[in-house]
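Have a look at my_file07.txt below; it lists compact mmCIF, C-alpha atoms.
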```txt
# COMPACT_ATOMS: atom_id res chain seq x y z
CA MET A 960 122.91 -111.83 29.56
CA LYS A 961 122.30 -115.23 28.00
CA GLN A 962 120.65 -116.42 31.18
CA LYS A 963 118.30 -113.48 31.10
CA VAL A 964 117.36 -114.12 27.49
CA GLY A 965 116.96 -117.81 28.20
CA GLY A 966 114.76 -117.06 31.23
CA THR A 967 112.60 -114.72 29.23
CA SER A 968 112.27 -117.34 26.53
CA ALA A 969 111.30 -119.98 29.07
CA ALA A 970 108.70 -117.66 30.59
CA SER A 971 107.28 -116.91 27.15
CA MET A 972 107.12 -120.59 26.35
CA GLY A 973 105.35 -121.22 29.65
CA ARG A 974 102.74 -118.57 28.91
CA ALA A 975 102.26 -120.01 25.43
CA ALA A 976 101.71 -123.48 26.90
CA HIS A 977 99.12 -122.08 29.34
CA SER A 978 97.38 -120.23 26.53
CA GLN A 979 97.22 -123.33 24.36
CA ALA A 980 95.85 -125.46 27.19
CA LEU A 981 93.13 -122.91 27.87
CA ASP A 982 92.34 -122.49 24.17
CA LEU A 983 91.95 -126.24 23.75
CA LEU A 984 89.35 -126.21 26.53
CA ARG A 985 87.14 -123.50 25.03
CA PHE A 986 85.32 -125.46 22.32
CA PRO A 987 84.62 -128.61 24.40
CA LEU A 988 83.27 -126.40 27.19
CA ALA A 989 80.89 -124.70 24.76
CA LEU A 990 79.66 -128.12 23.59
CA VAL A 991 79.18 -129.21 27.19
CA VAL A 992 76.96 -126.20 27.88
CA LEU A 993 75.02 -127.00 24.70
CA ALA A 994 74.57 -130.65 25.76
CA VAL A 995 73.38 -129.65 29.25
CA HIS A 996 70.74 -127.34 27.79
CA VAL A 997 69.59 -129.88 25.20
CA PHE A 998 69.11 -132.57 27.85
CA GLY A 999 67.54 -130.02 30.17
CA VAL A 1000 64.71 -128.91 27.86
CA ASP A 1001 61.21 -128.89 29.28
CA ARG A 1002 59.84 -132.24 28.12
CA THR A 1003 56.23 -131.13 28.45
CA VAL A 1004 56.80 -128.14 26.17
CA VAL A 1005 58.83 -130.06 23.58
CA TYR A 1006 57.12 -133.44 23.43
CA GLY A 1007 53.64 -132.59 24.68
CA LYS A 1008 51.83 -133.17 27.96
CA ASP A 1009 50.73 -136.69 27.07
CA TYR A 1010 54.17 -138.06 26.21
CA VAL A 1011 55.37 -140.64 28.76
CA PHE A 1012 59.06 -140.71 29.66
CA GLN A 1013 58.85 -143.57 32.14
CA GLY A 1014 60.62 -146.83 31.35
CA MET A 1015 63.58 -145.20 29.57
CA PRO A 1016 66.59 -146.29 31.66
CA ALA A 1017 69.17 -145.74 28.91
CA PHE A 1018 68.00 -142.19 28.23
CA ASP A 1019 67.81 -141.45 31.96
CA ALA A 1020 71.35 -142.76 32.42
CA VAL A 1021 72.76 -140.50 29.69
CA GLN A 1022 70.84 -137.50 31.00
CA ASN A 1023 71.98 -138.13 34.58
CA PHE A 1024 75.56 -138.54 33.33
CA VAL A 1025 75.39 -135.14 31.65
CA PHE A 1026 74.01 -133.49 34.79
CA SER A 1027 76.47 -135.27 37.10
CA PHE A 1028 79.74 -135.29 35.18
CA LEU A 1029 79.38 -132.16 33.03
CA SER A 1030 76.76 -129.71 34.27
CA GLU A 1031 77.93 -126.39 35.76
CA TYR A 1032 81.65 -127.12 35.63
CA SER A 1033 82.04 -125.31 32.31
CA LEU A 1034 81.00 -121.98 33.78
CA SER A 1035 83.44 -122.31 36.68
CA ILE A 1036 86.24 -122.93 34.20
CA TYR A 1037 85.10 -119.99 32.04
CA PHE A 1038 85.16 -117.70 35.10
CA PHE A 1039 88.60 -119.02 36.06
CA ILE A 1040 89.95 -118.34 32.56
CA SER A 1041 88.42 -114.85 32.62
CA GLY A 1042 90.05 -114.01 35.96
CA TYR A 1043 93.39 -115.41 34.85
CA VAL A 1044 93.42 -113.61 31.49
CA PHE A 1045 92.22 -110.30 32.95
CA PHE A 1046 95.33 -109.88 35.11
CA LEU A 1047 97.77 -111.64 32.82
CA GLY A 1048 100.87 -109.51 32.27
CA VAL A 1049 99.67 -106.77 34.65
CA ALA A 1050 102.64 -105.67 36.76
CA ASP A 1051 100.80 -102.78 38.41
CA PHE A 1052 97.02 -102.38 38.30
CA THR A 1053 96.89 -98.62 37.73
CA PRO A 1054 93.78 -96.57 36.89
CA GLN A 1055 95.06 -96.39 33.30
CA VAL A 1056 95.29 -100.19 33.09
CA TYR A 1057 91.82 -100.50 34.61
CA GLY A 1058 90.37 -98.02 32.10
CA HIS A 1059 91.96 -99.87 29.19
CA LYS A 1060 90.59 -103.19 30.44
CA LEU A 1061 87.11 -101.72 30.84
CA ARG A 1062 87.10 -100.38 27.28
CA ASN A 1063 88.06 -103.80 25.95
CA ARG A 1064 85.32 -105.50 27.99
CA VAL A 1065 82.71 -103.16 26.55
CA LYS A 1066 83.49 -104.78 23.19
CA THR A 1067 83.89 -108.34 24.42
CA LEU A 1068 81.15 -108.49 27.06
CA LEU A 1069 78.65 -105.61 27.11
CA ILE A 1070 77.93 -105.36 23.37
CA PRO A 1071 77.43 -109.15 22.88
CA PHE A 1072 75.23 -109.19 25.99
CA ILE A 1073 72.93 -106.54 24.52
CA VAL A 1074 73.01 -107.90 20.96
CA TRP A 1075 72.16 -111.52 21.78
CA ASN A 1076 69.40 -110.67 24.23
CA VAL A 1077 67.85 -108.51 21.50
CA VAL A 1078 68.26 -111.38 19.01
CA ALA A 1079 66.64 -113.80 21.46
CA ALA A 1080 63.68 -111.44 21.93
CA LEU A 1081 63.27 -110.93 18.16
CA VAL A 1082 63.33 -114.69 17.55
CA GLU A 1083 60.63 -115.12 20.19
CA LEU A 1084 58.55 -112.36 18.61
CA ALA A 1085 58.80 -114.11 15.23
CA TYR A 1086 56.51 -116.87 16.56
CA PHE A 1087 53.68 -114.37 16.79
CA VAL A 1088 53.81 -113.78 13.03
CA PRO A 1089 52.50 -116.18 10.33
CA PRO A 1090 53.61 -118.69 9.19
CA LEU A 1091 55.78 -119.32 12.26
CA SER A 1092 52.77 -118.73 14.51
CA ALA A 1093 51.51 -122.15 13.40
CA LEU A 1094 54.36 -123.72 15.39
CA ARG A 1095 53.03 -122.20 18.61
CA PRO A 1096 49.25 -121.88 18.43
CA GLY A 1097 47.46 -119.75 20.98
CA LEU A 1098 49.96 -116.90 21.17
CA ASP A 1099 48.47 -113.42 21.28
CA ILE A 1100 50.59 -110.37 20.50
CA ALA A 1101 48.39 -108.38 22.89
CA ASP A 1102 50.00 -110.29 25.77
CA VAL A 1103 53.44 -108.94 24.92
CA ASP A 1104 54.41 -106.07 27.21
CA PHE A 1105 56.32 -103.38 25.31
CA SER A 1106 56.61 -100.99 28.25
CA LEU A 1107 60.02 -99.53 29.03
CA ARG A 1108 60.10 -101.37 32.34
CA ALA A 1109 59.42 -104.72 30.68
CA ILE A 1110 62.01 -104.07 27.97
CA MET A 1111 64.66 -103.29 30.59
CA GLN A 1112 63.67 -106.35 32.64
CA THR A 1113 64.17 -108.50 29.53
CA PHE A 1114 67.91 -107.89 29.94
CA TRP A 1115 67.83 -108.76 33.63
CA ASP A 1116 64.91 -110.99 34.64
CA ALA A 1117 62.96 -112.36 31.67
CA ARG A 1118 60.18 -113.57 33.99
CA HIS A 1119 59.11 -109.92 34.21
CA GLY A 1120 60.21 -108.92 30.70
CA ILE A 1121 58.20 -108.37 27.56
CA PHE A 1122 57.07 -112.03 27.47
CA GLY A 1123 56.24 -112.23 31.18
CA ASN A 1124 52.50 -112.37 30.47
CA VAL A 1125 52.85 -114.77 27.55
CA TYR A 1126 54.64 -117.51 29.47
CA PRO A 1127 53.42 -117.09 33.07
CA VAL A 1128 55.10 -120.40 33.95
CA ALA A 1129 58.38 -118.47 33.81
CA ALA A 1130 57.32 -116.49 36.88
CA ASP A 1131 57.26 -119.54 39.14
CA GLY A 1132 59.11 -117.90 41.99
CA SER A 1133 62.06 -120.22 41.65
CA GLY A 1134 64.51 -117.41 42.31
CA GLU A 1135 66.35 -117.94 39.04
CA VAL A 1136 67.05 -114.54 37.50
CA PHE A 1137 67.95 -114.93 33.82
CA PRO A 1138 67.96 -112.49 30.89
CA GLN A 1139 66.06 -113.35 27.70
CA ASP A 1140 69.04 -115.33 26.39
CA SER A 1141 69.39 -117.31 29.62
CA PRO A 1142 73.09 -118.36 29.43
CA LEU A 1143 74.07 -114.71 29.24
CA TRP A 1144 73.67 -114.42 33.01
CA PHE A 1145 77.31 -115.49 32.79
CA LEU A 1146 78.23 -112.29 30.93
CA ARG A 1147 76.11 -110.22 33.28
CA VAL A 1148 77.86 -111.40 36.43
CA LEU A 1149 81.25 -111.41 34.69
CA MET A 1150 80.77 -107.70 33.96
CA VAL A 1151 80.18 -107.18 37.68
CA MET A 1152 83.43 -109.03 38.41
CA VAL A 1153 85.26 -106.78 35.94
CA LEU A 1154 83.90 -103.66 37.61
CA LEU A 1155 85.09 -104.99 40.98
CA THR A 1156 88.60 -105.88 39.80
CA PRO A 1157 90.34 -102.98 41.62
CA VAL A 1158 88.86 -104.27 44.90
CA LEU A 1159 89.62 -107.88 44.03
CA TYR A 1160 93.19 -107.00 43.05
CA TRP A 1161 93.76 -105.21 46.35
CA ILE A 1162 92.32 -108.10 48.39
CA VAL A 1163 94.10 -110.85 46.46
CA LYS A 1164 97.45 -109.05 46.75
CA ARG A 1165 97.06 -108.94 50.54
CA ALA A 1166 95.00 -111.97 51.49
CA GLY A 1167 96.25 -114.28 48.75
CA PHE A 1168 94.81 -117.77 48.68
CA TYR A 1169 92.94 -117.18 51.95
CA PHE A 1170 90.54 -114.97 50.02
CA VAL A 1171 90.10 -117.64 47.32
CA GLY A 1172 89.28 -120.17 50.04
CA ALA A 1173 86.78 -117.79 51.64
CA ALA A 1174 85.17 -117.18 48.24
CA TYR A 1175 84.83 -120.94 47.76
CA LEU A 1176 83.16 -121.36 51.16
CA ALA A 1177 80.78 -118.48 50.37
CA TRP A 1178 79.88 -120.09 47.04
CA THR A 1179 79.32 -123.49 48.67
CA ALA A 1180 77.01 -121.96 51.28
CA ALA A 1181 75.05 -120.04 48.65
CA TYR A 1182 74.85 -123.11 46.41
CA LEU A 1183 73.45 -125.28 49.19
CA TRP A 1184 71.15 -122.82 50.90
CA GLY A 1185 70.90 -119.65 48.78
CA ASN A 1186 69.22 -118.75 45.50
CA GLY A 1187 69.12 -116.23 42.68
CA ILE A 1188 71.68 -113.45 42.67
CA ALA A 1189 73.59 -114.85 45.67
CA ILE A 1190 74.38 -118.04 43.77
CA GLU A 1191 75.26 -116.14 40.59
CA PHE A 1192 77.65 -113.76 42.34
CA THR A 1193 79.46 -116.38 44.43
CA THR A 1194 79.56 -118.81 41.49
CA ALA A 1195 81.62 -116.18 39.67
CA LEU A 1196 83.58 -114.85 42.65
CA PHE A 1197 85.34 -118.10 43.54
CA PRO A 1198 86.76 -119.19 40.16
CA PHE A 1199 87.36 -115.61 38.95
CA SER A 1200 89.32 -114.86 42.12
CA PHE A 1201 91.17 -118.16 41.80
CA GLY A 1202 92.22 -117.30 38.24
CA ALA A 1203 93.15 -113.77 39.34
CA TYR A 1204 95.26 -115.17 42.18
CA MET A 1205 97.16 -117.47 39.81
CA SER A 1206 97.79 -114.64 37.35
CA ILE A 1207 98.63 -111.85 39.83
CA ASN A 1208 101.12 -114.04 41.69
CA GLY A 1209 102.66 -115.46 38.53
CA ARG A 1210 101.82 -119.05 39.44
CA ASP A 1211 102.86 -121.70 36.95
CA MET A 1212 99.64 -123.63 36.32
CA MET A 1213 101.48 -126.43 34.55
CA ALA A 1214 103.52 -127.07 37.69
CA THR A 1215 100.90 -126.21 40.33
CA PHE A 1216 97.97 -128.07 38.79
CA GLY A 1217 100.21 -130.84 37.49
CA LYS A 1218 101.02 -131.89 41.05
CA CYS A 1219 97.30 -132.49 41.62
CA PHE A 1220 96.54 -134.41 38.42
CA LYS A 1221 95.82 -137.80 40.00
CA VAL A 1222 94.12 -136.37 43.07
CA SER A 1223 91.87 -134.11 40.99
CA ALA A 1224 90.98 -136.99 38.65
CA VAL A 1225 90.01 -139.31 41.50
CA ALA A 1226 88.06 -136.58 43.32
CA TYR A 1227 86.24 -135.46 40.18
CA VAL A 1228 85.20 -138.99 39.18
CA ALA A 1229 84.25 -140.08 42.70
CA LEU A 1230 82.17 -136.99 43.42
CA SER A 1231 80.51 -137.15 40.00
CA VAL A 1232 79.55 -140.77 40.63
CA MET A 1233 78.08 -139.64 43.95
CA GLN A 1234 75.98 -137.07 42.08
CA PHE A 1235 74.94 -139.71 39.55
CA VAL A 1236 73.68 -142.02 42.31
CA SER A 1237 71.99 -139.21 44.23
CA LEU A 1238 69.91 -138.30 41.17
CA TYR A 1239 68.45 -141.79 41.11
CA GLU A 1240 67.80 -141.71 44.84
CA GLU A 1241 66.37 -138.15 44.60
CA ARG A 1242 68.68 -136.86 47.33
CA GLU A 1243 68.99 -133.25 46.29
CA MET A 1244 71.18 -132.03 49.16
CA LEU A 1245 73.70 -134.83 48.57
CA TYR A 1246 73.76 -133.94 44.87
CA LEU A 1247 74.37 -130.26 45.60
CA ALA A 1248 77.06 -130.98 48.20
CA ALA A 1249 78.91 -133.32 45.84
CA LYS A 1250 78.65 -130.77 43.02
CA ALA A 1251 80.11 -128.04 45.24
CA LEU A 1252 82.97 -130.25 46.38
CA ALA A 1253 83.71 -131.40 42.83
CA ALA A 1254 83.95 -127.92 41.28
CA PRO A 1255 87.62 -127.22 42.16
CA ALA A 1256 88.61 -130.79 41.26
CA ALA A 1257 86.82 -130.51 37.90
CA LEU A 1258 88.62 -127.26 37.13
CA VAL A 1259 92.08 -128.66 37.89
CA PHE A 1260 91.32 -131.96 36.16
CA ALA A 1261 90.06 -130.26 32.98
CA TYR A 1262 93.18 -128.09 32.74
CA ASN A 1263 95.47 -131.03 33.37
CA MET A 1264 93.72 -133.14 30.75
CA SER A 1265 94.03 -130.32 28.22
CA ALA A 1266 97.74 -129.85 28.97
CA TRP A 1267 98.35 -133.62 28.83
CA LEU A 1268 96.58 -133.99 25.47
CA LEU A 1269 98.78 -131.23 24.05
CA ARG A 1270 102.00 -132.63 25.49
CA SER A 1271 101.14 -136.09 24.17
CA ASN A 1272 100.36 -134.69 20.71
CA LEU A 1273 96.94 -136.35 20.89
CA CYS A 1274 95.19 -133.04 20.24
CA ARG A 1275 96.07 -129.64 18.92
CA VAL A 1276 94.41 -126.27 19.09
CA VAL A 1277 92.25 -125.58 16.05
CA PRO A 1278 91.92 -121.78 15.78
CA LEU A 1279 88.46 -121.98 14.20
CA LEU A 1280 87.07 -124.07 17.05
CA ALA A 1281 88.68 -121.98 19.78
CA SER A 1282 87.43 -118.76 18.16
CA ALA A 1283 83.91 -120.09 17.59
CA SER A 1284 83.36 -121.28 21.17
CA PHE A 1285 82.08 -117.93 22.48
CA PHE A 1286 79.77 -117.52 19.47
CA ILE A 1287 78.29 -120.97 20.08
CA TYR A 1288 77.87 -120.20 23.76
CA VAL A 1289 75.95 -116.94 23.30
CA ALA A 1290 73.81 -118.14 20.38
CA HIS A 1291 72.92 -121.78 21.04
CA TYR A 1292 70.18 -121.42 23.65
CA ILE A 1293 67.97 -119.43 21.29
CA PHE A 1294 67.56 -122.52 19.12
CA VAL A 1295 67.71 -125.42 21.58
CA ARG A 1296 64.05 -125.85 22.41
CA ASN A 1297 62.81 -125.37 18.86
CA VAL A 1298 65.38 -127.70 17.29
CA VAL A 1299 64.50 -130.46 19.75
CA ARG A 1300 60.80 -129.82 19.15
CA VAL A 1301 61.15 -130.05 15.36
CA LEU A 1302 63.26 -133.21 15.57
CA ALA A 1303 60.76 -134.78 17.94
CA TYR A 1304 57.93 -133.90 15.54
CA VAL A 1305 59.80 -135.40 12.57
CA VAL A 1306 61.04 -138.54 14.33
CA MET A 1307 57.95 -139.11 16.52
CA PRO A 1308 60.08 -141.13 18.98
CA GLU A 1309 58.39 -144.14 20.52
CA SER A 1310 61.43 -145.70 22.21
CA GLN A 1311 64.13 -144.48 24.54
CA TRP A 1312 66.71 -144.93 21.81
CA ALA A 1313 64.73 -142.68 19.47
CA VAL A 1314 64.39 -140.04 22.22
CA LEU A 1315 68.13 -140.27 22.86
CA ALA A 1316 68.79 -139.93 19.13
CA VAL A 1317 66.65 -136.77 19.04
CA HIS A 1318 68.73 -135.12 21.77
CA LEU A 1319 72.09 -136.20 20.42
CA SER A 1320 71.07 -135.08 16.92
CA ALA A 1321 70.03 -131.70 18.31
CA ILE A 1322 73.49 -131.23 19.85
CA LEU A 1323 75.11 -132.16 16.53
CA LEU A 1324 72.84 -129.96 14.41
CA ILE A 1325 73.10 -126.88 16.61
CA GLY A 1326 76.84 -127.24 17.17
CA CYS A 1327 77.68 -127.82 13.50
CA GLY A 1328 75.15 -125.26 12.33
CA LEU A 1329 76.52 -122.46 14.51
CA LEU A 1330 80.08 -123.44 13.66
CA GLY A 1331 79.17 -123.16 9.98
CA VAL A 1332 77.54 -119.76 10.51
CA PHE A 1333 80.63 -118.58 12.37
CA TRP A 1334 82.89 -119.73 9.53
CA LEU A 1335 80.74 -117.98 6.92
CA MET A 1336 80.66 -114.76 8.93
CA GLN A 1337 84.40 -114.97 9.51
CA ARG A 1338 84.92 -115.22 5.77
CA TYR A 1339 82.29 -112.85 4.38
CA THR A 1340 81.22 -110.48 7.19
CA PRO A 1341 84.22 -110.26 9.56
CA ARG A 1342 83.27 -106.81 10.86
CA LEU A 1343 79.78 -107.94 11.81
CA LEU A 1344 81.25 -111.03 13.46
CA LYS A 1345 83.60 -108.89 15.53
CA PHE A 1346 80.62 -106.86 16.68
CA VAL A 1347 78.27 -109.72 17.64
CA ALA A 1348 80.93 -112.11 18.96
CA GLY A 1349 82.84 -109.62 21.07
CA ARG A 1350 86.07 -110.01 19.18
CA LYS A 1351 88.68 -107.25 19.53
```

Could you quickly redo this structure as structure tokens?
Amino acid sequence: MKQKVGGTSAASMGRAAHSQALDLLRFPLALVVLAVHVFGVDRTVVYGKDYVFQGMPAFDAVQNFVFSFLSEYSLSIYFFISGYVFFLGVADFTPQVYGHKLRNRVKTLLIPFIVWNVVAALVELAYFVPPLSALRPGLDIADVDFSLRAIMQTFWDARHGIFGNVYPVAADGSGEVFPQDSPLWFLRVLMVMVLLTPVLYWIVKRAGFYFVGAAYLAWTAAYLWGNGIAIEFTTALFPFSFGAYMSINGRDMMATFGKCFKVSAVAYVALSVMQFVSLYEEREMLYLAAKALAAPAALVFAYNMSAWLLRSNLCRVVPLLASASFFIYVAHYIFVRNVVRVLAYVVMPESQWAVLAVHLSAILLIGCGLLGVFWLMQRYTPRLLKFVAGRK
């Protein structure tokens, strides 16, 4: 009997360690997404058509570092966490369990998806009204399409949404299908994954890691040669299935990933350096191939680093930061372009160091600002926060 109690205790401690490692990752991942979007703003829109960015090696190096070492890995880790947590503690995936999970995801995924796309559209509409219209001269409310079709497209493909005629540059045929609040494509495809969980559960139980490997190959192929929805779906399918596989089969991530700590670190750094160099040499296919190869290594490395920091008592989970990460993720993009634009207008940067300061300051202002808003809402309007931040 003592052995049974001890085993249960050990299992509980293992799950707690996993949970802490994943929680520690949440806030840094949100900041990484914020940094990627700040450094990825359209320079022409923010600084003006006549601003010259040539001869800024330090700024280019930081920007290329962000795109090489940080970009896109956060979403893979988010999908992995989502797949792992979805099946955590599920002994038998019955219709009742599925129904319960779906009801929870309505609160945590569907409602925030609708709310923040509406907020993003309302913020954009505000620039048509004085005095904010002075910040974007030339806008005409007559160009806004309020048809039902355009309103629905705003939640799916903003290029054909209510602002499709206002910003025709958005309809450039690039194949990128984003809602009004662009980062929420993550929630959109995650909801598809949730709907498909009975199928995924059945396949993972029978095919095991072979299916995860096949999903990775499909994602790599789509990433290198596909576009649009194909990339979105496979980008989610691989890490979500990987997380589901680990959870369904009761794999100990501490032990499994721990064995690959050094290998994942070397692979992640080496492949990121390859991406960094390929950006300077403008070799897009090499960049994409290195990014695809680095994704699994980045996932394992990030988890191992988080677990190591906790074991070494170098970091601890701060509940406020872990809780605020989703809020920062869904809200930040609405303010990125305008914050950078205002800072650029105030600073009037004439050197690469001033331009770099503008972008770093934007990350700090948006991150701290949204964290402060989250804290205030948590204290004074907790019910509203639960609604907009998808908290159960």

Once you count all atoms listed in the file, which residues end up no further than 9 Å from (100.2, -129.2, 25.5) in the file's frame, shown as a list in words? Ala976, His977, Gln979, Ala980, Leu983, Ser1265, Ala1266, Trp1267, Leu1268, Leu1269, Arg1270, Ser1271, Asn1272, Cys1274 and Arg1275 of chain A

Spatial neighbours of A:Val1136, max dist 12 Å, only C-alpha atoms, sep filter under 6 positions, as a PyMOL selection string: chain A and resi 1112-1120+1129-1130+1142-1145+1147-1148+1186-1192

Show me the residues around (73.9, -125.2, 29.6) - criterion: an atom at most 12 Å away, all atoms listed in the file counted - as a PyMOL selection string. chain A and resi 988-1000+1025-1026+1029-1034+1140-1145+1287-1293+1295+1322

Next, dump the selected residues to file, keeping only C-alpha atoms, as a PDB file, in the coordinates of the input.
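Writing the result to part07.pdb gives the following:
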```pdb
ATOM      1  CA  LEU A 988      83.270-126.400  27.190  1.00  0.00           C
ATOM      2  CA  ALA A 989      80.890-124.700  24.760  1.00  0.00           C
ATOM      3  CA  LEU A 990      79.660-128.120  23.590  1.00  0.00           C
ATOM      4  CA  VAL A 991      79.180-129.210  27.190  1.00  0.00           C
ATOM      5  CA  VAL A 992      76.960-126.200  27.880  1.00  0.00           C
ATOM      6  CA  LEU A 993      75.020-127.000  24.700  1.00  0.00           C
ATOM      7  CA  ALA A 994      74.570-130.650  25.760  1.00  0.00           C
ATOM      8  CA  VAL A 995      73.380-129.650  29.250  1.00  0.00           C
ATOM      9  CA  HIS A 996      70.740-127.340  27.790  1.00  0.00           C
ATOM     10  CA  VAL A 997      69.590-129.880  25.200  1.00  0.00           C
ATOM     11  CA  PHE A 998      69.110-132.570  27.850  1.00  0.00           C
ATOM     12  CA  GLY A 999      67.540-130.020  30.170  1.00  0.00           C
ATOM     13  CA  VAL A1000      64.710-128.910  27.860  1.00  0.00           C
ATOM     14  CA  VAL A1025      75.390-135.140  31.650  1.00  0.00           C
ATOM     15  CA  PHE A1026      74.010-133.490  34.790  1.00  0.00           C
ATOM     16  CA  LEU A1029      79.380-132.160  33.030  1.00  0.00           C
ATOM     17  CA  SER A1030      76.760-129.710  34.270  1.00  0.00           C
ATOM     18  CA  GLU A1031      77.930-126.390  35.760  1.00  0.00           C
ATOM     19  CA  TYR A1032      81.650-127.120  35.630  1.00  0.00           C
ATOM     20  CA  SER A1033      82.040-125.310  32.310  1.00  0.00           C
ATOM     21  CA  LEU A1034      81.000-121.980  33.780  1.00  0.00           C
ATOM     22  CA  ASP A1140      69.040-115.330  26.390  1.00  0.00           C
ATOM     23  CA  SER A1141      69.390-117.310  29.620  1.00  0.00           C
ATOM     24  CA  PRO A1142      73.090-118.360  29.430  1.00  0.00           C
ATOM     25  CA  LEU A1143      74.070-114.710  29.240  1.00  0.00           C
ATOM     26  CA  TRP A1144      73.670-114.420  33.010  1.00  0.00           C
ATOM     27  CA  PHE A1145      77.310-115.490  32.790  1.00  0.00           C
ATOM     28  CA  ILE A1287      78.290-120.970  20.080  1.00  0.00           C
ATOM     29  CA  TYR A1288      77.870-120.200  23.760  1.00  0.00           C
ATOM     30  CA  VAL A1289      75.950-116.940  23.300  1.00  0.00           C
ATOM     31  CA  ALA A1290      73.810-118.140  20.380  1.00  0.00           C
ATOM     32  CA  HIS A1291      72.920-121.780  21.040  1.00  0.00           C
ATOM     33  CA  TYR A1292      70.180-121.420  23.650  1.00  0.00           C
ATOM     34  CA  ILE A1293      67.970-119.430  21.290  1.00  0.00           C
ATOM     35  CA  VAL A1295      67.710-125.420  21.580  1.00  0.00           C
ATOM     36  CA  ILE A1322      73.490-131.230  19.850  1.00  0.00           C
TER      37      ILE A1322
END
```

Straight-line distance linking atom CA of A:Phe1046 with atom CA of A:His1059, stated in Å to one decimal: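 Those two atoms sit 12.1 Å apart.
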
From the options A:Gly1042, A:Gly1123, A:Gly1048, A:Gly1097, which residue's atoms come nearest to A:Leu1155, counting all atoms listed in the file?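 Nearest to A:Leu1155: A:Gly1042.
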
Between atom CA of A:Arg1300 and atom CA of A:Tyr1006, what distance in Å does the model show, to one decimal? 6.7 Å

Can you pull out every residue within 9 Å of stretch 1061-1064 of chain A, counting only C-alpha atoms, but drop anything in the same chain fewer than 3 positions away, and send it as an MDAnalysis selection string? chainID A and resid 1056:1058 1067:1070 1150 1153:1154 1349 1351

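Closest to A:Lys1164 among A:Ala1050, A:Val1259, A:Leu1146, A:Ala1249 is A:Ala1050, based on only C-alpha atoms.
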
Any idea what's packed within 7 Å of A:Ala1257, counting all atoms listed in the file, ignoring anything in its chain fewer than 2 positions away? Could you give it as a count of residues only? 9

Mind pulling up the distance from atom CA of A:Ala1321 to atom CA of A:Tyr1010?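 Separation of atom CA of A:Tyr1010 and atom CA of A:Ala1321: 18.8 Å.
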
Which is closest to A:Leu1343 among A:Gly1209, A:Pro1071, A:Gly1172, A:Gly1202, if we use only C-alpha atoms? A:Pro1071

Counting only C-alpha atoms, which of A:Thr1156, A:Asn1208, A:Ser1027, A:Thr1193 gets nearest to A:Ala1248?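 Ranked by minimum distance to A:Ala1248, first place goes to A:Ser1027.
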
Rebuild N, CA, C and O atoms on stretch 1313-1321 of chain A, as a tab-separated table (two decimals), keeping the file's coordinate frame?
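And here is the file that came out, selection_28.tsv:
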```tsv
chain	number	residue	atom	x	y	z
A	1313	ALA	N	65.14	-143.75	20.40
A	1313	ALA	CA	64.73	-142.68	19.47
A	1313	ALA	C	64.76	-141.32	20.17
A	1313	ALA	O	65.18	-140.32	19.59
A	1314	VAL	N	64.34	-141.29	21.44
A	1314	VAL	CA	64.39	-140.04	22.22
A	1314	VAL	C	65.84	-139.61	22.40
A	1314	VAL	O	66.18	-138.43	22.25
A	1315	LEU	N	66.71	-140.58	22.71
A	1315	LEU	CA	68.13	-140.27	22.86
A	1315	LEU	C	68.71	-139.76	21.56
A	1315	LEU	O	69.51	-138.81	21.55
A	1316	ALA	N	68.31	-140.37	20.44
A	1316	ALA	CA	68.79	-139.93	19.13
A	1316	ALA	C	68.36	-138.50	18.83
A	1316	ALA	O	69.11	-137.73	18.23
A	1317	VAL	N	67.15	-138.13	19.25
A	1317	VAL	CA	66.65	-136.77	19.04
A	1317	VAL	C	67.56	-135.77	19.75
A	1317	VAL	O	67.97	-134.76	19.17
A	1318	HIS	N	67.90	-136.05	20.99
A	1318	HIS	CA	68.73	-135.12	21.77
A	1318	HIS	C	70.16	-135.06	21.25
A	1318	HIS	O	70.74	-133.97	21.15
A	1319	LEU	N	70.73	-136.20	20.94
A	1319	LEU	CA	72.09	-136.20	20.42
A	1319	LEU	C	72.15	-135.52	19.05
A	1319	LEU	O	73.11	-134.80	18.74
A	1320	SER	N	71.12	-135.73	18.24
A	1320	SER	CA	71.07	-135.08	16.92
A	1320	SER	C	70.94	-133.57	17.07
A	1320	SER	O	71.50	-132.80	16.28
A	1321	ALA	N	70.18	-133.13	18.08
A	1321	ALA	CA	70.03	-131.70	18.31
A	1321	ALA	C	71.37	-131.06	18.66
A	1321	ALA	O	71.71	-129.97	18.18
```
